[in-house]
Structures are given as structure tokens and as C-alpha cells.
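Trainee: My structure file protein_2.csv, CSV, C-alpha atoms, is below:
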```
chain,number,residue,atom,x,y,z
A,1,MET,CA,4.1,6.4,5.8
A,2,PRO,CA,6.5,6.2,8.7
A,3,ASN,CA,9.1,9.0,8.7
A,4,PHE,CA,12.7,8.2,9.9
A,5,MET,CA,16.0,9.9,10.5
A,6,ILE,CA,18.9,7.5,10.4
A,7,HIS,CA,22.6,7.6,9.8
A,8,PHE,CA,23.9,5.5,7.0
A,9,PRO,CA,25.8,3.3,6.2
A,10,ILE,CA,25.7,2.0,9.8
A,11,VAL,CA,22.2,1.3,11.1
A,12,SER,CA,22.7,1.4,14.8
A,13,ILE,CA,19.8,1.5,17.3
A,14,PRO,CA,21.1,1.4,20.9
A,15,CYS,CA,20.4,-1.8,22.8
A,16,ASP,CA,22.0,-3.3,25.9
A,17,TYR,CA,23.0,-6.8,27.1
A,18,GLU,CA,19.3,-7.6,27.7
A,19,VAL,CA,19.4,-8.6,24.0
A,20,ILE,CA,21.3,-11.7,25.0
A,21,ARG,CA,18.9,-12.5,27.8
A,22,MET,CA,16.0,-12.1,25.4
A,23,HIS,CA,17.7,-14.3,22.9
A,24,VAL,CA,18.5,-17.1,25.2
A,25,GLN,CA,15.0,-17.2,26.7
A,26,ALA,CA,13.4,-16.7,23.3
A,27,THR,CA,10.9,-14.2,24.6
A,28,LYS,CA,8.8,-12.0,22.5
A,29,LYS,CA,8.5,-8.2,22.5
A,30,SER,CA,4.9,-7.0,22.5
A,31,LEU,CA,3.6,-4.7,19.8
A,32,ALA,CA,2.8,-2.2,22.5
A,33,GLU,CA,6.5,-2.0,23.4
A,34,MET,CA,7.3,-1.5,19.7
A,35,GLN,CA,4.7,1.2,19.5
A,36,SER,CA,6.3,3.1,22.4
A,37,GLN,CA,9.7,3.0,20.7
A,38,THR,CA,8.7,3.9,17.1
A,39,THR,CA,6.8,6.8,15.6
A,40,TYR,CA,4.2,6.0,13.0
A,41,ASN,CA,0.8,7.2,11.7
A,42,ALA,CA,-1.8,4.5,12.4
A,43,THR,CA,-4.0,5.7,9.6
A,44,ASP,CA,-1.3,5.0,7.0
A,45,SER,CA,-1.6,1.7,5.0
A,46,CYS,CA,1.4,0.5,3.0
A,47,GLY,CA,1.0,-1.5,-0.2
A,48,PRO,CA,1.5,-5.2,-0.5
A,49,ALA,CA,5.0,-6.6,-0.3
A,50,PHE,CA,6.4,-10.0,-1.0
A,51,PHE,CA,8.6,-11.4,1.7
A,52,PRO,CA,10.3,-14.6,0.7
A,53,THR,CA,11.9,-16.4,3.7
A,54,TYR,CA,13.0,-19.8,5.0
A,55,SER,CA,11.5,-21.0,8.2
A,56,GLY,CA,13.8,-20.0,11.0
A,57,SER,CA,15.5,-17.1,9.2
A,58,LEU,CA,15.0,-13.3,9.8
A,59,SER,CA,12.2,-12.9,12.3
A,60,ALA,CA,11.0,-9.6,10.8
A,61,PRO,CA,7.3,-10.2,9.8
A,62,ARG,CA,6.0,-9.1,13.2
A,63,LEU,CA,7.5,-5.6,12.8
A,64,PHE,CA,6.3,-5.5,9.2
A,65,PHE,CA,2.7,-6.1,10.3
A,66,PHE,CA,3.2,-3.3,12.9
A,67,PHE,CA,3.8,-0.9,10.0
A,68,PHE,CA,0.6,-2.1,8.2
A,69,TYR,CA,2.2,-3.9,5.3
A,70,MET,CA,0.2,-6.5,3.5
A,71,ILE,CA,2.8,-9.3,2.9
A,72,GLY,CA,3.0,-12.6,1.2
A,73,ILE,CA,5.6,-15.1,2.5
A,74,ASP,CA,7.2,-17.8,0.4
A,75,TYR,CA,8.1,-20.9,2.4
A,76,GLY,CA,9.5,-22.9,-0.4
A,77,LEU,CA,6.9,-25.7,-0.8
A,78,CYS,CA,5.7,-25.8,2.8
A,79,SER,CA,3.1,-23.1,3.3
A,80,ALA,CA,0.7,-25.6,4.8
A,81,ASP,CA,3.4,-27.1,7.2
A,82,PRO,CA,2.3,-26.9,10.8
A,83,LYS,CA,5.7,-25.6,11.8
A,84,ASN,CA,4.8,-22.3,10.1
A,85,SER,CA,1.6,-21.9,12.2
A,86,HIS,CA,3.3,-19.2,14.3
A,87,MET,CA,3.0,-16.9,11.3
A,88,ARG,CA,-0.7,-17.1,11.3
A,89,GLU,CA,-0.8,-16.2,15.0
A,90,LEU,CA,0.8,-12.9,14.5
A,91,GLU,CA,-1.2,-9.7,15.2
A,92,GLY,CA,-2.8,-8.6,11.9
A,93,ALA,CA,-2.0,-11.9,10.1
A,94,LYS,CA,-5.7,-12.6,9.4
A,95,GLU,CA,-6.1,-9.4,7.6
A,96,ARG,CA,-2.7,-8.9,5.9
A,97,LEU,CA,-0.8,-12.2,5.6
A,98,THR,CA,-0.9,-14.5,2.6
A,99,LEU,CA,1.3,-17.6,2.7
A,100,CYS,CA,2.2,-18.4,-0.9
A,101,ARG,CA,3.1,-21.9,-2.0
A,102,ALA,CA,6.2,-21.0,-4.1
A,103,ASP,CA,9.7,-22.1,-5.0
A,104,LEU,CA,12.6,-19.7,-5.4
A,105,LEU,CA,13.8,-21.9,-8.3
A,106,ASP,CA,10.5,-21.7,-10.1
A,107,CYS,CA,9.9,-18.3,-11.7
A,108,GLN,CA,6.2,-19.0,-12.4
A,109,SER,CA,5.5,-19.6,-8.8
A,110,LEU,CA,7.3,-16.4,-7.9
A,111,ARG,CA,5.2,-14.5,-10.5
A,112,GLU,CA,2.0,-15.7,-8.8
A,113,ALA,CA,3.3,-14.4,-5.5
A,114,ILE,CA,5.0,-11.1,-6.6
A,115,TYR,CA,2.7,-9.8,-9.3
A,116,GLY,CA,0.6,-7.0,-7.8
A,117,CYS,CA,3.1,-6.2,-5.0
A,118,ASP,CA,4.6,-2.8,-4.5
A,119,GLY,CA,7.9,-4.1,-3.2
A,120,VAL,CA,9.9,-7.2,-2.4
A,121,PHE,CA,11.9,-8.0,0.7
A,122,HIS,CA,14.1,-10.9,-0.3
A,123,THR,CA,15.4,-12.5,2.9
A,124,ALA,CA,15.3,-16.2,1.9
A,125,CYS,CA,18.5,-18.2,2.1
A,126,PRO,CA,19.4,-21.5,3.6
A,127,VAL,CA,21.9,-21.3,6.5
A,128,THR,CA,24.2,-24.2,5.8
A,129,ASP,CA,27.7,-25.1,4.7
A,130,ASP,CA,26.3,-27.9,2.5
A,131,PRO,CA,27.0,-26.6,-1.1
A,132,GLU,CA,24.2,-28.7,-2.5
A,133,GLN,CA,21.6,-27.2,-0.2
A,134,MET,CA,23.1,-23.7,-0.2
A,135,LEU,CA,24.3,-22.5,-3.6
A,136,GLU,CA,21.4,-23.1,-6.0
A,137,PRO,CA,18.7,-21.5,-3.8
A,138,ALA,CA,20.9,-18.6,-2.8
A,139,ILE,CA,22.2,-17.7,-6.2
A,140,ILE,CA,19.6,-18.9,-8.7
A,141,GLY,CA,16.8,-18.1,-6.3
A,142,THR,CA,18.1,-14.5,-5.9
A,143,LYS,CA,18.4,-14.1,-9.7
A,144,ASN,CA,14.8,-15.3,-10.2
A,145,VAL,CA,13.4,-12.9,-7.6
A,146,ILE,CA,15.1,-10.0,-9.3
A,147,ILE,CA,13.9,-11.1,-12.7
A,148,VAL,CA,10.3,-11.5,-11.6
A,149,ALA,CA,10.4,-8.2,-9.6
A,150,ALA,CA,11.5,-6.5,-12.8
A,151,GLU,CA,8.6,-8.1,-14.7
A,152,ALA,CA,6.2,-7.0,-12.0
A,153,LYS,CA,7.5,-3.5,-12.0
A,154,VAL,CA,7.8,-3.3,-8.2
A,155,ARG,CA,9.1,0.0,-6.9
A,156,ARG,CA,12.0,-1.4,-4.9
A,157,VAL,CA,13.6,-4.7,-3.9
A,158,VAL,CA,15.4,-4.9,-0.5
A,159,PHE,CA,17.8,-7.9,-0.4
A,160,THR,CA,19.0,-9.3,2.9
A,161,SER,CA,22.7,-10.2,2.4
A,162,SER,CA,25.3,-10.6,5.1
A,163,ILE,CA,28.4,-9.0,6.6
A,164,CYS,CA,30.2,-12.1,5.4
A,165,THR,CA,30.1,-10.8,1.8
A,166,VAL,CA,32.4,-7.8,2.5
A,167,TYR,CA,34.9,-8.6,5.3
A,168,MET,CA,36.4,-12.0,4.6
A,169,ASN,CA,39.4,-10.8,2.7
A,170,LEU,CA,42.9,-11.4,4.1
A,171,ASN,CA,44.3,-8.6,1.8
A,172,LYS,CA,42.0,-5.9,3.1
A,173,ALA,CA,43.7,-3.4,5.4
A,174,PRO,CA,42.3,-3.5,8.9
A,175,ASP,CA,41.5,0.2,8.9
A,176,LYS,CA,39.8,0.3,5.5
A,177,VAL,CA,36.2,1.5,5.7
A,178,VAL,CA,33.9,-1.1,4.1
A,179,ASP,CA,31.8,0.1,1.2
A,180,GLU,CA,30.2,-1.2,-2.0
A,181,THR,CA,33.7,-1.8,-3.5
A,182,CYS,CA,34.6,-4.3,-0.8
A,183,TRP,CA,34.1,-8.0,-1.4
A,184,SER,CA,35.1,-11.1,0.5
A,185,ASP,CA,37.6,-13.4,-1.2
A,186,LEU,CA,35.7,-16.2,-3.0
A,187,ASP,CA,38.9,-18.3,-3.3
A,188,PHE,CA,39.4,-18.1,0.5
A,189,CYS,CA,35.8,-19.2,1.1
A,190,GLU,CA,36.1,-22.1,-1.3
A,191,LYS,CA,39.4,-23.3,0.2
A,192,THR,CA,38.0,-23.1,3.7
A,193,LYS,CA,34.7,-24.8,2.5
A,194,ASN,CA,32.7,-21.9,3.9
A,195,TRP,CA,29.9,-22.5,1.4
A,196,TYR,CA,27.4,-20.3,3.3
A,197,CYS,CA,29.6,-17.2,2.8
A,198,TYR,CA,30.5,-18.3,-0.7
A,199,GLY,CA,26.8,-18.5,-1.7
A,200,LYS,CA,26.0,-15.2,-0.1
A,201,ILE,CA,28.8,-13.4,-1.9
A,202,VAL,CA,27.8,-14.8,-5.3
A,203,ALA,CA,24.1,-14.2,-4.5
A,204,GLU,CA,24.7,-10.5,-3.7
A,205,LYS,CA,26.9,-10.1,-6.8
A,206,THR,CA,24.1,-11.7,-8.9
A,207,ALA,CA,21.5,-9.4,-7.4
A,208,TRP,CA,23.5,-6.3,-8.3
A,209,ASN,CA,24.3,-7.5,-11.8
A,210,GLU,CA,20.7,-8.6,-12.5
A,211,ALA,CA,19.3,-5.4,-11.0
A,212,ARG,CA,21.5,-3.3,-13.3
A,213,LYS,CA,20.4,-5.2,-16.3
A,214,LYS,CA,16.7,-5.2,-15.5
A,215,GLU,CA,16.8,-1.6,-14.1
A,216,VAL,CA,15.5,-2.7,-10.7
A,217,ASN,CA,15.7,-0.4,-7.7
A,218,LEU,CA,17.8,-2.6,-5.4
A,219,ILE,CA,18.9,-1.9,-1.8
A,220,VAL,CA,21.1,-4.4,0.1
A,221,ILE,CA,21.2,-4.8,3.8
A,222,ASN,CA,24.2,-6.6,5.3
A,223,PRO,CA,23.5,-7.5,8.9
A,224,VAL,CA,26.1,-8.9,11.3
A,225,LEU,CA,25.1,-11.8,13.6
A,226,VAL,CA,21.4,-11.2,14.4
A,227,LEU,CA,20.2,-11.9,17.9
A,228,GLY,CA,16.8,-11.4,19.5
A,229,PRO,CA,13.5,-13.1,20.3
A,230,LEU,CA,12.3,-15.9,18.0
A,231,LEU,CA,8.9,-16.2,16.4
A,232,GLN,CA,9.3,-19.9,15.7
A,233,SER,CA,10.0,-22.8,18.1
A,234,THR,CA,12.9,-24.2,16.2
A,235,VAL,CA,16.6,-23.4,16.9
A,236,ASN,CA,18.5,-21.4,14.3
A,237,ALA,CA,22.2,-20.7,13.7
A,238,SER,CA,22.1,-17.5,15.8
A,239,VAL,CA,20.7,-19.4,18.8
A,240,LEU,CA,23.4,-22.0,18.5
A,241,HIS,CA,26.0,-19.3,18.7
A,242,ILE,CA,24.8,-18.6,22.3
A,243,LEU,CA,23.5,-22.1,23.2
A,244,LYS,CA,26.9,-23.8,22.9
A,245,TYR,CA,28.2,-21.8,25.8
A,246,LEU,CA,25.1,-22.7,28.0
A,247,THR,CA,25.0,-26.4,27.3
A,248,GLY,CA,28.6,-27.2,28.2
A,249,SER,CA,29.4,-28.3,24.7
A,250,ALA,CA,31.9,-25.5,24.4
A,251,LYS,CA,34.6,-26.0,27.0
A,252,THR,CA,36.6,-22.9,26.0
A,253,TYR,CA,35.9,-19.7,24.1
A,254,ALA,CA,37.7,-18.5,21.0
A,255,ASN,CA,40.1,-15.6,20.9
A,256,SER,CA,38.0,-13.7,18.5
A,257,THR,CA,35.4,-10.9,18.2
A,258,GLN,CA,31.9,-10.8,16.8
A,259,ALA,CA,29.6,-8.0,15.8
A,260,TYR,CA,25.9,-8.3,16.9
A,261,VAL,CA,22.6,-6.6,16.1
A,262,HIS,CA,19.1,-7.0,17.4
A,263,VAL,CA,16.6,-8.6,15.0
A,264,LYS,CA,14.1,-5.8,15.5
A,265,ASP,CA,16.8,-3.3,14.4
A,266,VAL,CA,17.4,-5.4,11.3
A,267,ALA,CA,13.7,-5.5,10.5
A,268,LEU,CA,13.4,-1.7,11.1
A,269,ALA,CA,16.4,-1.1,8.8
A,270,HIS,CA,14.7,-3.0,6.0
A,271,ILE,CA,11.6,-0.8,6.4
A,272,ILE,CA,13.6,2.4,6.6
A,273,VAL,CA,15.5,1.8,3.4
A,274,TYR,CA,12.4,0.6,1.6
A,275,GLU,CA,10.5,3.7,2.6
A,276,THR,CA,13.3,6.3,2.2
A,277,PRO,CA,13.3,7.5,-1.5
A,278,SER,CA,17.0,8.6,-1.3
A,279,ALA,CA,18.2,5.3,0.0
A,280,SER,CA,20.6,3.5,-2.3
A,281,GLY,CA,23.4,1.0,-2.4
A,282,LEU,CA,24.6,-1.2,0.5
A,283,TYR,CA,23.9,-0.7,4.3
A,284,ILE,CA,25.8,-2.5,7.0
A,285,CYS,CA,23.5,-3.2,10.0
A,286,ALA,CA,25.5,-3.5,13.2
A,287,GLU,CA,25.2,-2.5,16.9
A,288,SER,CA,27.9,-3.9,19.2
A,289,VAL,CA,31.2,-5.7,18.8
A,290,LEU,CA,32.2,-8.1,21.6
A,291,HIS,CA,35.2,-10.3,22.2
A,292,ARG,CA,34.1,-13.9,23.1
A,293,GLY,CA,35.6,-13.3,26.5
A,294,GLU,CA,33.2,-10.4,27.0
A,295,LEU,CA,30.3,-12.4,25.7
A,296,VAL,CA,30.8,-15.3,28.2
A,297,LYS,CA,31.2,-12.9,31.0
A,298,ILE,CA,27.8,-11.5,30.2
A,299,LEU,CA,26.3,-14.9,30.0
A,300,ALA,CA,27.9,-16.0,33.3
A,301,LYS,CA,26.4,-13.0,35.0
A,302,LEU,CA,23.0,-13.5,33.6
A,303,PHE,CA,22.9,-17.3,33.9
A,304,PRO,CA,25.3,-18.4,36.7
A,305,GLU,CA,23.6,-21.8,36.9
A,306,TYR,CA,25.0,-22.8,33.5
A,307,PRO,CA,28.5,-24.2,32.7
A,308,ILE,CA,29.8,-21.1,30.9
A,309,PRO,CA,33.4,-21.6,29.8
A,310,ILE,CA,36.0,-19.4,31.5
A,311,LYS,CA,39.1,-20.3,29.6
A,312,CYS,CA,40.2,-19.0,26.2
A,313,SER,CA,41.2,-21.7,23.6
A,314,ASP,CA,44.1,-19.6,22.4
A,315,ASP,CA,45.4,-17.4,25.3
A,316,MET,CA,49.0,-17.5,24.1
A,317,ARG,CA,48.3,-15.0,21.4
A,318,PRO,CA,47.4,-11.3,22.1
A,319,ARG,CA,43.7,-10.7,22.6
A,320,SER,CA,41.9,-10.3,19.3
A,321,MET,CA,40.7,-6.7,18.7
A,322,PRO,CA,37.6,-5.6,16.7
```
Could you rewrite the structure in this file as C-alpha cells?
Mentor:
Amino acid sequence: MPNFMIHFPIVSIPCDYEVIRMHVQATKKSLAEMQSQTTYNATDSCGPAFFPTYSGSLSAPRLFFFFFYMIGIDYGLCSADPKNSHMRELEGAKERLTLCRADLLDCQSLREAIYGCDGVFHTACPVTDDPEQMLEPAIIGTKNVIIVAAEAKVRRVVFTSSICTVYMNLNKAPDKVVDETCWSDLDFCEKTKNWYCYGKIVAEKTAWNEARKKEVNLIVINPVLVLGPLLQSTVNASVLHILKYLTGSAKTYANSTQAYVHVKDVALAHIIVYETPSASGLYICAESVLHRGELVKILAKLFPEYPIPIKCSDDMRPRSMP
């Protein structure tokens, strides 16, 4: 199995502003490049793992294949949908990929996918602020995955949560170090109708509660905004974060900061915590923090032909700090 040395709770693998260029152009890193940056034993073969995901979410399967996992991927009820054809084109997919026709709200379909697996990487969650589309799959779906993982006696579940579950609390001191005791304020999310964050908070709490009851070995990864090359041809929420500054739809930029991490680093973090026996608890996955002004400067330098905004929407207040 791959052997890693990392510093927790921050998973930080250095990258530069080329991340943004790669993200905008939606290029793909080759497996040869991954090989040159990562140490592994090619004779090792990891056991099967179930990797439930929504189309357009975490683009991690490519790196998982690189580490010789056999994986099954739940696409809700659309495993035969042509828009998922990019999954079958991945290196190693013919030998190691099974697309399972499953529903996160249907435990029996999850049993058919998870039984026989050594581990579960639960990354599935709609990215929307529509409560009808968000809450039930995120919360009930997560509970069902933990329940079935317990029945299947998998050795570990790695759950992809979000940074939004720990920092959205107006009562938190700015200098407080975020750990497992920190939770975002549900009332604040409800009042601001931030249903994505609301659903992720309740889903993570549900995962911890259910894992304790069922004695499931659970690890949680909380990434910040994930950037990097896409596997699919569709646009996701991370792309829109950058795209609005390139299309001219954003005339100004906000006086705010944002933390970023490369998608490959997030995928690698999942593998590290899955394979490291001593791993436990919650891991924040972050690399760089940029003010929006810094972000648009980078974009303007990389893409001078685009209408990048140069004015802050709130330049009367002091510049927001990380």
C-alpha cells in the first residue's frame, strides 16, 4: 500500500497559481505526471471501495485508479446516462470500475453496491440551495450509507464534508483554531437560506452520530473551495466561481477572502486518511487563501483578453483579511 507522511489537521500540498489556469481551461493531468509526484508500489492492489458521487462533484476517481483501487460509483439512477461516459474512459476503468445503479435514499440498492467492499468514500451531495433537492439526499443519504457500511462491516468510511460545516458562526473568535468541537450556526444558515451549508452541517452531524451508534470507523474530510481540472464536460459550482470573472457577468469583485485547494490534493487526502491506521476525526483540507482582489489580479495576468473586473464592490470598508 502507499506510504505517506503528512501533517494533520491541515492537508496542504504546495501548488501555485497554475491551478487557476488549469481550472479555467479544464485541462487534465496525465497519470504519468501523477506518478512522478507520488510514491507508490505498483505491485500493490487495494481492495474494492464504494465511491458514491453525483455527476460533476469531486473529480477524484482518476487518482483512485492510480492507486489500484477497485471502485463502484453510485450515480443515483443514471449509471447508463451518456453524460457519465467520461468515467468509462479513465485509465484502468475497464478492469476496476463498476457503475452501480443505486439511490442514496434506498438502502437495498446501497447494499447491492457496498456489500463486499473494504471501504466507502462517501462524496455524494447535491450542490444547490434548493432545500427540496439538497436536504434529503445529503442527510438521509448519508445516514443510509453509514447504516449499510456498518452492515457490510467495511473497515473505514471516509466522508467528504465541507469547510462550511465549521466556520460559519458569528460567535466564533477569529483566532480560534478550528477542530472537531467547532460547528457552523444552523440558525444563521437557515435565516440566510444557505441550504447547501445547512444540509452539509446536518449531514456531517448525522454521520458522526450514526457512526458512533453503529461503531463505524469514520473519517471526515472538510475541503475548502476545490479547483482543478474536470473529468466531465459540464460546469460545476467551482467553475462558476472563476467563470463569472471571465464572462463579464461580475462587474466588481467582493471585499472578501476565499480558501482554495487543488482537486488532486483533496483526492490524495482521502486516500491518505483511508490508508493510515492512526487517522481519526476531522481533517481540514486547504492550501491557499486569497482575497478576491488577488484572485482577479491573477486572472487578469493569465487571461488579459477577458473582461476581468478591477473594482471592489465595497472599497469603503477596510480590506477583508483571512
Trainee: Pick from A:Ala254, A:Arg111, A:Leu105, A:Thr247: nearest to Glu305 (chain A), with all atoms listed in the file counted?
Mentor: A:Thr247
Trainee: Just want the 6 Å neighbourhood of Gly119 (chain A), counted on all atoms listed in the file, with same-chain residues fewer than 2 positions away dropped. Output as an NGL selection string.
Mentor: :A and (49 or 117 or 154-157)
Trainee: Point out the residue among A:Ile310, A:Val235, A:Ala211, A:Leu268 with the least atom-to-atom distance to Gly281 (chain A), counting only C-alpha atoms.
Mentor: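 Between A:Ile310, A:Val235, A:Ala211, A:Leu268, the residue approaching Gly281 (chain A) most closely is A:Ala211.
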Trainee: Rank A:Cys312, A:Leu246, A:Cys125, A:Val120 by their smallest atom-to-atom distance to Val216 (chain A), using only C-alpha atoms, and report the top residue only.
Mentor: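 That would be A:Val120, the residue with the smallest distance to Val216 (chain A).
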Trainee: Please determine, counting all atoms listed in the file, which residue among A:Cys189, A:Met316, A:Ala269, A:Ala250 has the shortest atom-to-atom distance to Tyr283 (chain A).
Mentor: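 Looking at the shortest contact to Tyr283 (chain A), the residue is A:Ala269.
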Trainee: Could you check the closest approach to Arg101 (chain A) for each of A:Asn209, A:Ala113, A:Ser161, A:Gly228 and tell me which residue wins, using only C-alpha atoms?
Mentor: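 Closest to Arg101 (chain A) of all the choices is A:Ala113.
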Trainee: What does the distance from CA of Ile114 (chain A) to CA of Ala102 (chain A) come to in Å, to one decimal?
Mentor: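 According to the coordinates, CA of Ile114 (chain A) and CA of Ala102 (chain A) are separated by 10.3 Å.
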Trainee: Using Å and a single decimal, report how far CA of Leu90 (chain A) sits from CA of Asn217 (chain A).
Mentor: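 CA of Asn217 (chain A) sits 29.5 Å away from CA of Leu90 (chain A).
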Trainee: What is the CA of Arg212 (chain A) to CA of Phe188 (chain A) distance in Å?
Mentor: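 Separation between CA of Arg212 (chain A) and CA of Phe188 (chain A): 27.0 Å.
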Trainee: From the set A:Val224, A:Leu302, A:Val273, A:Leu231, which residue has the shortest atom-to-atom contact distance to Cys285 (chain A), counting all atoms listed in the file?
Mentor: A:Val224
Trainee: Using all atoms listed in the file, collect all residues at a distance of at most 12 Å from (32.4, -7.6, -1.0) as written in the file, then present them as a ChimeraX atom specification.
Mentor: /A:161-169,172,177-186,197-198,200-205,208,220,222,282,284
